[in-house]
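J.: Following this line is work39.cif, made up of mmCIF, C-alpha atoms and all ligand atoms:
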```
data_entry
#
loop_
_atom_site.label_atom_id
_atom_site.label_comp_id
_atom_site.auth_asym_id
_atom_site.auth_seq_id
_atom_site.Cartn_x
_atom_site.Cartn_y
_atom_site.Cartn_z
CA MET A 7 -9.74 9.76 54.00
CA ILE A 8 -6.21 11.04 53.39
CA GLU A 9 -5.41 14.59 54.43
CA ALA A 10 -2.05 16.04 53.41
CA ARG A 11 -1.19 19.40 54.96
CA GLY A 12 1.73 21.67 54.12
CA LEU A 13 3.99 18.99 52.63
CA GLY A 14 7.41 20.33 51.69
CA LYS A 15 10.85 19.05 50.76
CA SER A 16 14.01 20.66 49.37
CA TYR A 17 17.04 19.04 47.76
CA GLY A 18 19.76 21.64 48.23
CA SER A 19 18.39 24.87 46.78
CA LYS A 20 15.72 23.00 44.82
CA ARG A 21 12.19 23.06 46.25
CA ALA A 22 10.89 19.65 45.10
CA VAL A 23 7.58 19.86 47.03
CA ASP A 24 6.26 23.23 48.14
CA ASP A 25 3.52 23.67 50.76
CA LEU A 26 1.32 21.01 49.23
CA SER A 27 -2.10 20.34 50.81
CA PHE A 28 -4.84 18.12 49.41
CA THR A 29 -7.42 15.52 50.38
CA VAL A 30 -8.16 12.09 48.98
CA LYS A 31 -11.71 10.89 49.54
CA PRO A 32 -12.75 7.34 50.31
CA GLY A 33 -14.85 5.53 47.73
CA SER A 34 -13.03 7.05 44.79
CA VAL A 35 -9.91 6.73 42.70
CA THR A 36 -7.85 9.92 42.93
CA GLY A 37 -5.33 10.41 40.15
CA PHE A 38 -2.05 12.15 40.99
CA LEU A 39 -0.79 14.02 37.92
CA GLY A 40 2.18 16.23 37.22
CA PRO A 41 4.92 16.58 34.60
CA ASN A 42 8.24 14.72 35.01
CA GLY A 43 10.12 15.89 38.06
CA SER A 44 7.16 17.81 39.48
CA GLY A 45 7.45 16.05 42.84
CA LYS A 46 4.95 13.17 42.75
CA SER A 47 7.26 10.45 44.05
CA THR A 48 8.73 12.78 46.67
CA THR A 49 5.19 13.66 47.81
CA MET A 50 4.25 10.00 48.17
CA ARG A 51 7.39 9.29 50.20
CA LEU A 52 6.64 12.30 52.43
CA MET A 53 3.10 11.03 52.96
CA LEU A 54 4.52 7.78 54.32
CA SER A 55 7.21 9.56 56.39
CA LEU A 56 9.91 7.83 54.32
CA ASP A 57 11.54 11.19 53.59
CA ALA A 58 12.31 13.94 56.09
CA GLY A 59 10.47 17.14 55.19
CA GLN A 60 7.71 19.49 56.26
CA GLY A 61 4.01 18.89 56.77
CA THR A 62 1.80 16.04 57.93
CA THR A 63 -0.36 13.43 56.30
CA THR A 64 -3.10 11.64 58.18
CA PHE A 65 -4.89 8.46 57.17
CA ASP A 66 -8.31 8.45 58.81
CA GLY A 67 -6.90 10.88 61.37
CA ARG A 68 -3.61 9.10 62.13
CA THR A 69 -0.13 9.56 60.68
CA PHE A 70 1.58 6.56 59.09
CA GLY A 71 3.93 6.31 62.08
CA GLU A 72 0.99 6.08 64.48
CA LEU A 73 -0.47 3.02 62.75
CA ARG A 74 0.25 -0.21 64.65
CA HIS A 75 0.21 -2.49 61.61
CA PRO A 76 0.65 0.08 58.82
CA MET A 77 0.25 -2.47 56.04
CA ARG A 78 -3.25 -3.29 57.26
CA HIS A 79 -4.28 0.37 56.91
CA VAL A 80 -2.21 1.74 54.04
CA GLY A 81 -0.92 -0.33 51.12
CA ALA A 82 1.83 1.31 49.10
CA LEU A 83 3.68 0.69 45.85
CA LEU A 84 6.44 3.23 45.50
CA GLU A 85 9.06 1.90 43.12
CA ALA A 86 9.40 -0.84 40.56
CA LYS A 87 10.78 -4.12 41.90
CA PRO A 88 10.89 -3.23 45.62
CA PHE A 89 11.92 -6.76 46.60
CA HIS A 90 14.91 -9.01 46.94
CA PRO A 91 15.89 -10.41 43.52
CA THR A 92 16.57 -13.94 44.73
CA ARG A 93 13.89 -14.40 47.39
CA ARG A 94 10.99 -16.34 45.90
CA ALA A 95 7.91 -14.19 45.29
CA ARG A 96 5.71 -16.16 47.68
CA ASP A 97 8.37 -16.13 50.41
CA HIS A 98 8.76 -12.36 50.03
CA LEU A 99 5.04 -11.89 50.59
CA ARG A 100 5.04 -14.38 53.50
CA MET A 101 7.77 -12.40 55.25
CA LEU A 102 5.82 -9.17 54.85
CA ALA A 103 2.67 -10.94 56.05
CA ALA A 104 4.37 -12.30 59.17
CA ALA A 105 5.70 -8.86 60.10
CA ASN A 106 2.20 -7.42 59.88
CA ASP A 107 0.21 -10.23 61.46
CA VAL A 108 -1.38 -11.17 58.15
CA SER A 109 -2.32 -14.83 57.46
CA THR A 110 -0.52 -17.09 54.94
CA GLN A 111 -3.91 -17.75 53.40
CA ARG A 112 -4.07 -14.06 52.47
CA VAL A 113 -0.67 -14.39 50.75
CA ASP A 114 -2.09 -17.01 48.39
CA GLU A 115 -5.21 -14.92 47.92
CA VAL A 116 -3.28 -11.84 46.71
CA ILE A 117 -1.04 -14.00 44.50
CA ARG A 118 -4.20 -15.25 42.78
CA LEU A 119 -5.66 -11.73 42.66
CA VAL A 120 -2.66 -10.35 40.73
CA GLY A 121 -2.38 -13.42 38.49
CA LEU A 122 1.07 -14.63 39.59
CA GLU A 123 0.12 -18.22 40.66
CA SER A 124 2.30 -19.84 38.00
CA VAL A 125 5.45 -17.94 39.03
CA ALA A 126 4.85 -17.52 42.78
CA ARG A 127 7.65 -19.97 43.56
CA GLY A 128 10.01 -18.27 41.12
CA ARG A 129 12.65 -15.67 41.90
CA PRO A 130 11.77 -12.05 41.05
CA ARG A 131 15.18 -11.62 39.40
CA LYS A 132 13.68 -13.35 36.37
CA PHE A 133 10.47 -11.28 36.43
CA SER A 134 9.59 -8.81 33.69
CA LEU A 135 8.80 -5.21 34.71
CA GLY A 136 5.06 -5.99 34.54
CA MET A 137 5.40 -9.14 36.68
CA GLY A 138 7.42 -7.11 39.20
CA GLN A 139 4.65 -4.50 39.29
CA ARG A 140 2.09 -7.23 39.94
CA LEU A 141 4.18 -8.50 42.84
CA GLY A 142 4.44 -4.95 44.20
CA ILE A 143 0.66 -4.57 43.90
CA ALA A 144 0.19 -7.91 45.69
CA ALA A 145 2.35 -6.61 48.55
CA ALA A 146 0.32 -3.39 48.72
CA LEU A 147 -2.93 -5.39 48.93
CA LEU A 148 -1.64 -7.93 51.43
CA GLY A 149 -3.04 -6.29 54.56
CA ASP A 150 -6.44 -5.65 52.88
CA PRO A 151 -5.83 -1.93 53.55
CA HIS A 152 -8.47 0.79 53.48
CA THR A 153 -6.07 3.13 51.70
CA LEU A 154 -3.82 2.52 48.70
CA LEU A 155 -0.94 4.72 47.55
CA LEU A 156 0.42 3.59 44.20
CA ASP A 157 3.21 5.35 42.28
CA GLU A 158 2.92 4.53 38.55
CA PRO A 159 1.41 1.07 39.10
CA SER A 160 0.69 0.59 35.39
CA ASN A 161 4.40 0.94 34.57
CA GLY A 162 5.39 -2.06 32.45
CA LEU A 163 1.92 -3.57 32.29
CA ASP A 164 0.63 -4.68 28.88
CA PRO A 165 -2.80 -3.46 27.65
CA GLN A 166 -4.57 -6.43 29.28
CA GLY A 167 -2.66 -5.71 32.49
CA ILE A 168 -3.68 -2.04 32.40
CA THR A 169 -7.34 -3.01 31.91
CA TRP A 170 -7.06 -5.53 34.76
CA LEU A 171 -5.49 -2.90 37.05
CA ARG A 172 -8.18 -0.35 36.18
CA GLN A 173 -10.96 -2.81 37.03
CA LEU A 174 -9.19 -3.81 40.25
CA LEU A 175 -8.69 -0.22 41.45
CA LYS A 176 -12.24 0.78 40.57
CA HIS A 177 -13.52 -2.28 42.41
CA LEU A 178 -11.43 -1.46 45.50
CA ALA A 179 -12.63 2.16 45.46
CA GLY A 180 -16.20 0.88 45.01
CA GLU A 181 -15.79 -0.98 48.29
CA GLY A 182 -15.25 2.39 49.99
CA ARG A 183 -11.44 2.51 50.01
CA SER A 184 -9.28 5.56 49.26
CA VAL A 185 -7.13 4.91 46.19
CA PHE A 186 -4.40 7.45 45.35
CA VAL A 187 -2.54 6.64 42.16
CA SER A 188 0.02 8.49 40.07
CA SER A 189 0.32 7.89 36.35
CA HIS A 190 1.65 9.48 33.20
CA LEU A 191 -1.03 7.80 31.11
CA LEU A 192 -3.59 10.58 30.82
CA GLN A 193 -6.03 8.64 28.67
CA GLU A 194 -5.94 5.89 31.27
CA MET A 195 -6.48 8.43 34.06
CA ALA A 196 -9.44 9.88 32.19
CA VAL A 197 -11.25 6.52 32.43
CA LEU A 198 -9.87 5.49 35.83
CA ALA A 199 -9.94 8.52 38.12
CA ASP A 200 -12.95 10.25 39.68
CA GLU A 201 -10.87 12.90 41.43
CA LEU A 202 -7.51 14.53 40.72
CA VAL A 203 -4.57 16.10 42.47
CA VAL A 204 -2.52 18.00 39.87
CA ILE A 205 0.89 19.48 40.70
CA GLY A 206 3.52 21.44 38.81
CA ARG A 207 7.01 22.19 40.17
CA GLY A 208 6.00 20.87 43.57
CA LYS A 209 2.98 23.18 43.93
CA LEU A 210 -0.71 22.30 43.88
CA LEU A 211 -2.49 23.25 40.65
CA ALA A 212 -5.83 21.48 41.19
CA ASN A 213 -7.61 19.14 43.61
CA GLY A 214 -11.15 18.11 42.79
CA ALA A 215 -13.39 16.16 40.42
CA VAL A 216 -11.94 15.24 37.00
CA ALA A 217 -15.01 16.72 35.29
CA ASP A 218 -14.55 20.07 37.10
CA PHE A 219 -10.86 20.17 36.17
CA VAL A 220 -11.66 19.59 32.49
CA THR A 221 -14.54 22.11 32.46
CA SER A 222 -12.55 24.76 34.29
CA SER A 223 -9.84 24.59 31.61
CA GLY A 224 -12.28 26.55 29.41
CA LEU A 225 -11.08 24.48 26.45
CA GLY A 226 -14.46 22.98 25.61
CA THR A 227 -15.96 24.10 22.30
CA VAL A 228 -19.37 24.08 20.64
CA GLU A 229 -19.92 23.26 16.98
CA VAL A 230 -22.67 25.44 15.54
CA VAL A 231 -24.49 25.00 12.24
CA SER A 232 -26.79 27.89 11.31
CA PRO A 233 -28.01 29.20 7.96
CA ASP A 234 -27.91 32.66 9.58
CA MET A 235 -24.23 32.67 10.59
CA ALA A 236 -23.83 36.14 9.07
CA THR A 237 -26.08 37.42 11.87
CA LEU A 238 -25.16 34.96 14.60
CA GLY A 239 -21.35 35.14 14.15
CA PRO A 240 -20.94 38.83 15.05
CA GLU A 241 -23.51 38.43 17.85
CA LEU A 242 -21.46 35.63 19.43
CA GLU A 243 -18.22 37.59 19.03
CA SER A 244 -19.81 40.59 20.75
CA ARG A 245 -20.53 38.25 23.68
CA GLY A 246 -16.88 37.24 23.96
CA ALA A 247 -16.76 34.09 21.78
CA THR A 248 -13.99 33.12 19.36
CA LEU A 249 -15.11 31.56 16.06
CA VAL A 250 -13.22 29.22 13.75
CA ALA A 251 -14.70 27.89 10.47
CA GLY A 252 -15.26 24.09 10.31
CA PRO A 253 -15.50 21.19 10.57
CA GLY A 254 -17.58 20.92 7.37
CA ASP A 255 -20.29 23.55 7.31
CA ALA A 256 -20.11 24.05 11.09
CA THR A 257 -18.42 26.87 12.97
CA THR A 258 -16.43 25.96 16.08
CA VAL A 259 -17.15 28.37 18.93
CA SER A 260 -15.07 28.69 22.09
CA GLY A 261 -15.66 30.97 25.06
CA LEU A 262 -19.45 30.39 25.28
CA ASP A 263 -21.36 27.24 26.19
CA ALA A 264 -24.26 25.75 24.23
CA ALA A 265 -26.90 27.43 26.41
CA ALA A 266 -25.37 30.89 25.89
CA ILE A 267 -25.12 30.29 22.14
CA GLY A 268 -28.75 29.11 22.02
CA ASP A 269 -29.85 32.27 23.88
CA ALA A 270 -27.83 34.49 21.54
CA ALA A 271 -29.39 32.77 18.49
CA HIS A 272 -32.90 33.21 19.92
CA GLU A 273 -32.36 36.88 20.77
CA SER A 274 -30.84 37.71 17.38
CA GLY A 275 -33.47 35.73 15.43
CA ALA A 276 -30.90 33.34 13.91
CA ARG A 277 -31.97 29.77 13.11
CA LEU A 278 -29.93 26.95 14.64
CA HIS A 279 -29.64 23.62 12.81
CA GLN A 280 -27.04 22.04 15.04
CA LEU A 281 -25.39 22.71 18.38
CA THR A 282 -22.83 20.10 19.51
CA THR A 283 -20.75 20.46 22.66
CA ARG A 284 -17.25 19.04 22.49
CA GLN A 285 -15.63 18.56 25.93
CA ALA A 286 -11.90 19.14 26.26
CA SER A 287 -9.91 15.96 26.92
CA LEU A 288 -8.11 15.44 30.23
CA GLU A 289 -4.88 15.63 28.24
CA GLU A 290 -5.75 19.06 26.82
CA ALA A 291 -6.76 20.34 30.25
CA PHE A 292 -3.61 18.89 31.84
CA LEU A 293 -1.32 20.46 29.23
CA ALA A 294 -3.06 23.82 29.64
CA ALA A 295 -2.74 23.63 33.45
CA THR A 296 0.87 22.47 33.56
CA GLY A 297 2.29 24.02 30.38
CA LEU A 298 4.17 26.71 32.26
CA ASP A 299 5.23 24.35 35.01
CA GLU A 300 7.00 21.81 32.88
CA GLU A 301 10.61 21.49 33.90
CA PHE A 302 11.78 19.13 31.19
CA ARG A 303 10.52 20.04 27.75
CA GLY A 304 11.45 18.22 24.54
CA GLY A 305 12.53 20.17 21.46
CA ASP A 306 10.08 20.96 18.65
CA GLN A 307 10.11 18.59 15.67
CA SER A 308 11.27 20.74 12.80
N1 LIG B 401 17.30 12.09 46.02
C1 LIG B 401 17.23 13.25 45.35
N2 LIG B 401 18.25 14.12 45.34
C2 LIG B 401 18.18 15.28 44.67
N3 LIG B 401 17.10 15.68 43.97
C3 LIG B 401 16.04 14.86 43.93
C4 LIG B 401 16.04 13.58 44.61
N4 LIG B 401 14.86 12.98 44.39
C5 LIG B 401 14.14 13.83 43.61
N5 LIG B 401 14.84 14.95 43.34
C6 LIG B 401 14.38 16.10 42.54
O1 LIG B 401 13.14 16.53 43.05
C7 LIG B 401 12.23 16.84 42.00
C8 LIG B 401 10.98 15.99 42.15
O2 LIG B 401 11.31 14.63 41.86
P1 LIG B 401 10.21 13.46 41.91
O3 LIG B 401 10.92 12.19 41.61
O4 LIG B 401 9.45 13.55 43.18
O5 LIG B 401 9.26 13.89 40.70
P2 LIG B 401 8.15 13.02 39.95
O6 LIG B 401 7.00 13.95 39.72
O7 LIG B 401 7.89 11.75 40.69
O8 LIG B 401 8.89 12.72 38.58
P3 LIG B 401 8.58 11.60 37.44
O9 LIG B 401 7.21 11.88 36.93
O10 LIG B 401 9.62 11.90 36.42
O11 LIG B 401 8.74 10.27 38.11
C9 LIG B 401 12.99 16.60 40.70
O12 LIG B 401 13.47 17.82 40.23
C10 LIG B 401 14.12 15.68 41.10
O13 LIG B 401 15.25 15.93 40.29
#
```
Would you mind writing the file's structure down as structure tokens?
Ligand SMILES: Nc1ncnc2c1ncn2[C@@H]1O[C@H](COP(=O)(O)OP(=O)(O)OP(=O)(O)O)[C@@H](O)[C@H]1O

T.:
Amino acid sequence: MIEARGLGKSYGSKRAVDDLSFTVKPGSVTGFLGPNGSGKSTTMRLMLSLDAGQGTTTFDGRTFGELRHPMRHVGALLEAKPFHPTRRARDHLRMLAAANDVSTQRVDEVIRLVGLESVARGRPRKFSLGMGQRLGIAAALLGDPHTLLLDEPSNGLDPQGITWLRQLLKHLAGEGRSVFVSSHLLQEMAVLADELVVIGRGKLLANGAVADFVTSSGLGTVEVVSPDMATLGPELESRGATLVAGPGDATTVSGLDAAAIGDAAHESGARLHQLTTRQASLEEAFLAATGLDEEFRGGDQS
């Protein structure tokens, strides 16, 4: 279990992270989402006491600094290519292993796990971004930690690599570990994460189950087909719904769920031929939650 309490950090007059508190549960993948510059990387550095700032983060009750062999408790990937360009990949991992009392056998195990066997004796200088990420992930996994903190681990991975990473992180969470992972890829997060921490301009916007975040956006709609729409339409509007014609002969209703629409149809004597709930996507919910908190916004295409 990770518990972050009152995290804060300013750069000059800019408040990059502002009184941020959240929890990350074991046995699940927790996605860390926020627009560009919202403070994700700063938060992760604060959690590991790599930046001076306010607040505390505990990992199963202890701060990072209190852990005797930190790598055996918390594995972290914070930036792309965090290794010496000319030190061979395997030697880099062996050095980290030695410093943390981890066996050489484990070094070879993680090299296999991330699929770098064929280049393990090569120098990272020649690695692609994706290969570098795999080496960073290998380093994070070296101490077989109970907690993982990964900043944009899918950066530079190809589609097969992203699928591999998803399966790996789900597997690790399934073993009871806490996995905290930031990503810009919302569609990937939608299939990877069970829980979310969402921030905007350094402040917490949401912390909870992905499904609750999407439902609470209120962006879900219901497609209704009824031969008695002339009766049902005004009835739904009087109950607070908004109606839009289509698709096809359906009417798209927002503001009421399927049960409320079914009740309204029953009470007004309207026949229902179809009632289809359409959930909002994580992307729609994220954009609705962070729309006003976006610092860097591209221009409209016109
Ligand atoms: N070393 C620094 N000096 C000054 N300002 C900084 C520094 N590092 C980060 N910032 C500022 O703090 C804010 C948060 O940055 P951070 O990198 O934590 O955001 P992020 O959510 O990780 O961004 P991205 O999604 O683009 O990687 C930004 O406005 C950034 O400009």

J.: Write as a list in words the residues around ligand LIG 401 (chain B), taking 7 Å as the cut-off and counting only C-alpha atoms and all ligand atoms.

T.: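 My answer, listing the contacting residues, is Tyr17, Ala22, Gly40, Pro41, Asn42, Gly43, Ser44, Gly45, Lys46, Ser47, Thr48 and Thr49 of chain A.
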
J.: Any idea what the distance is between CA of His79 in chain A and CA of Arg183 in chain A?

T.: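 These two atoms are separated by 10.2 Å.
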
J.: Would you mind telling me which residue in A:Leu202, A:Val80, A:Val108, A:Met195 lies nearest to Arg68 in chain A when using only C-alpha atoms?

T.: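 Closest candidate: A:Val80.
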
J.: Would you pick out the contacts of range 7-12 of chain A at 6 Å or less, using only C-alpha atoms, so that residues sharing its chain but fewer than 6 positions from it are not included, and give the list as a PyMOL selection string?

T.: chain A and resi 25-32+61-66

J.: Would you list the contacts of range 220-222 of chain A as number ranges by chain, taking every protein, DNA or RNA residue within 7 Å and counting only C-alpha atoms, but skipping same-chain residues closer than 4 positions in sequence?

T.: A: 216, 226, 286-288, 291

J.: What does the structure give for the distance between CA of Gln285 in chain A and CA of Asp200 in chain A, in Å to one decimal?

T.: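 CA of Asp200 in chain A lies at a distance of 16.3 Å from CA of Gln285 in chain A.
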
J.: With only C-alpha atoms as the counted atoms, please give the residues lying no more than 9 Å from Ala294 in chain A, apart from itself and same-chain residues fewer than 4 positions off, as number ranges by chain.

T.: A: 223, 225, 289-290, 298

J.: Could you check which of A:Arg129, A:Lys209, A:His75, A:Arg118 is closest to Thr92 in chain A, using only C-alpha atoms?

T.: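 Answer, going by the shortest atom-to-atom distance: A:Arg129.
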
J.: So how far away is CA of Arg51 in chain A from CA of Val23 in chain A, in Å?

T.: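 Separation of CA of Val23 in chain A and CA of Arg51 in chain A: 11.0 Å.
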
J.: What box, with edges along x, y and z, holds each listed atom of range 207-221 of chain A when 6 Å is added on every side, and can you state its centre and edge lengths in Å to one decimal, as AutoDock Vina command-line options?

T.:
```
--center_x -4.0 --center_y 19.2 --center_z 38.2 --size_x 34.0 --size_y 20.0 --size_z 23.5
```

J.: Excluding Ser55 in chain A and any residue of its chain fewer than 3 positions from it, enumerate the residues within 8 Å of it, using only C-alpha atoms, and give them as a list in words.

T.: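 So, after excluding close chain neighbours, the residues are Arg51, Leu52, Ala58, Phe70 and Gly71 of chain A.
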
J.: Would you mind telling me which residue in A:Gly180, A:Phe133, A:Gly208, A:Thr227 lies nearest to Lys15 in chain A when using all atoms listed in the file?

T.: A:Gly208

J.: What's the 9 Å shell around Ile267 in chain A, counting all atoms listed in the file, without same-chain residues fewer than 6 positions away, as a PyMOL selection string?

T.: chain A and resi 228+230+238+242+259+281

J.: Smallest atom-to-atom distance to Leu210 in chain A: which of A:Leu198, A:Ala82, A:Ala295, A:Leu141, using all atoms listed in the file?

T.: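 Selected residue with least distance to Leu210 in chain A: A:Ala295.
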
J.: Which is closest to Leu83 in chain A among A:Ala95, A:Val35, A:Ala199, A:Ile143, if we use only C-alpha atoms?

T.: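 Using only C-alpha atoms, Leu83 in chain A sits closest to A:Ile143.
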
J.: Taking (-3.5, -5.2, 53.6) in the file's coordinates as the center, which residues reach within 8 Å of it, counting all atoms listed in the file, put as a count of residues only?

T.: 14

J.: Which is closest to Ile168 in chain A among A:Leu154, A:Leu191, A:Val250, A:Val185, if we use all atoms listed in the file?

T.: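 Of the candidates, the smallest distance to Ile168 in chain A is held by A:Leu191.
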